[in-house]
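One file, data_20.cif, carrying mmCIF, C-alpha atoms:
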data_coords
loop_
_atom_site.label_atom_id
_atom_site.label_comp_id
_atom_site.auth_asym_id
_atom_site.auth_seq_id
_atom_site.Cartn_x
_atom_site.Cartn_y
_atom_site.Cartn_z
CA MET W 1 103.41 265.51 57.49
CA THR W 2 106.16 268.13 57.41
CA THR W 3 106.01 271.25 55.25
CA GLY W 4 109.71 271.57 54.51
CA TRP W 5 113.04 269.80 54.57
CA THR W 6 115.08 270.07 57.75
CA PRO W 7 118.61 268.69 58.02
CA HIS W 8 119.42 266.10 60.62
CA PRO W 9 120.76 267.84 63.76
CA SER W 10 123.98 265.82 63.81
CA GLN W 11 124.96 266.76 60.22
CA PRO W 12 126.24 270.26 59.45
CA GLU W 13 124.55 272.24 56.73
CA HIS W 14 126.48 272.24 53.43
CA LEU W 15 126.56 275.64 51.78
CA PRO W 16 127.44 276.04 48.09
CA GLU W 17 130.69 277.76 47.22
CA LEU W 18 131.32 279.88 44.15
CA ASP W 19 134.93 280.33 43.12
CA VAL W 20 135.20 283.10 40.49
CA PRO W 21 138.67 284.22 39.47
CA PRO W 22 139.26 287.99 39.38
CA PRO W 23 139.18 289.62 35.95
CA GLY W 24 142.45 289.99 34.12
CA ARG W 25 144.16 293.28 33.46
CA GLN W 26 142.77 295.24 30.49
CA ARG W 27 144.60 297.53 28.14
CA ARG W 28 143.37 301.09 27.81
CA TRP W 29 142.73 300.89 24.08
CA THR W 30 140.27 298.00 24.50
CA VAL W 31 138.21 300.07 26.93
CA LEU W 32 138.23 302.97 24.44
CA LEU W 33 137.21 300.60 21.66
CA ARG W 34 134.19 299.47 23.66
CA PHE W 35 133.05 303.07 24.08
CA LEU W 36 133.50 303.66 20.34
CA LEU W 37 131.35 300.60 19.62
CA LEU W 38 128.59 302.05 21.79
CA LEU W 39 128.21 305.18 19.67
CA PRO W 40 126.34 303.55 16.73
CA GLN W 41 124.01 301.81 19.14
CA PHE W 42 123.18 305.09 20.88
CA ILE W 43 122.50 306.73 17.51
CA VAL W 44 120.16 303.91 16.45
CA VAL W 45 118.31 303.99 19.78
CA ALA W 46 117.92 307.78 19.56
CA VAL W 47 116.54 307.59 16.00
CA LEU W 48 114.14 304.79 16.95
CA GLY W 49 113.00 306.76 20.00
CA ILE W 50 112.26 309.85 17.90
CA ALA W 51 110.41 307.73 15.31
CA ALA W 52 108.38 306.01 18.05
CA PHE W 53 107.42 309.41 19.48
CA PHE W 54 106.11 310.67 16.14
CA VAL W 55 104.29 307.41 15.38
CA THR W 56 102.63 307.61 18.80
CA VAL W 57 101.52 311.20 18.23
CA VAL W 58 100.16 310.43 14.74
CA GLY W 59 98.38 307.33 16.06
CA TRP W 60 96.83 309.34 18.88
CA PHE W 61 95.47 311.97 16.49
CA ALA W 62 94.25 309.26 14.10
CA ALA W 63 92.41 307.55 16.97
CA LEU W 64 91.01 310.90 18.12
CA PHE W 65 89.54 311.81 14.73
CA THR W 66 88.52 308.37 13.42
CA GLY W 67 87.41 306.79 16.69
CA ARG W 68 89.65 303.72 16.26
CA LEU W 69 93.33 302.92 16.19
CA PRO W 70 94.99 302.69 12.77
CA ALA W 71 96.12 299.25 11.63
#
Translate the structure of the given file into structure tokens.
Amino acid sequence: MTTGWTPHPSQPEHLPELDVPPPGRQRRWTVLLRFLLLLPQFIVVAVLGIAAFFVTVVGWFAALFTGRLPA
């Protein structure tokens, strides 16, 4: 019994080909617009990160004093 598939020696191995067209030319204002759309996401992530930090600190102190994690 063989452990793997081996091609017949007389047949060449067929490799897959991937044909991806190059990206089209972009206008400068669309690139700027994408950066402007990132700003609200960065603000939300920063606020959530700060909130997660304070919740973690409060949870740690609550677990330290009560002996169990808050619900």
- [ ] Quote the spacing between atom CA of Ala52 of chain W and atom CA of Leu64 of chain W in Å to one decimal place.
- [x]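 Result for atom CA of Ala52 of chain W versus atom CA of Leu64 of chain W: 18.0 Å, one decimal.
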What is the distance, in Å and to one decimal place, between atom CA of Ile50 of chain W and atom CA of Val31 of chain W?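 So the answer is 29.2 Å.
Using the PyMOL selection byres ((chain W and resi 69) around 12) on this structure selects Val55, Thr56, Val57, Val58, Gly59, Trp60, Phe61, Ala62, Ala63, Leu64, Phe65, Thr66, Gly67, Arg68, Pro70 and Ala71 of chain W.
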Go ahead and dump the residues you just picked, C-alpha atoms, as a compact mmCIF listing (two decimals), in the coordinates of the input.
# COMPACT_ATOMS: atom_id res chain seq x y z
CA VAL W 55 104.29 307.41 15.38
CA THR W 56 102.63 307.61 18.80
CA VAL W 57 101.52 311.20 18.23
CA VAL W 58 100.16 310.43 14.74
CA GLY W 59 98.38 307.33 16.06
CA TRP W 60 96.83 309.34 18.88
CA PHE W 61 95.47 311.97 16.49
CA ALA W 62 94.25 309.26 14.10
CA ALA W 63 92.41 307.55 16.97
CA LEU W 64 91.01 310.90 18.12
CA PHE W 65 89.54 311.81 14.73
CA THR W 66 88.52 308.37 13.42
CA GLY W 67 87.41 306.79 16.69
CA ARG W 68 89.65 303.72 16.26
CA PRO W 70 94.99 302.69 12.77
CA ALA W 71 96.12 299.25 11.63
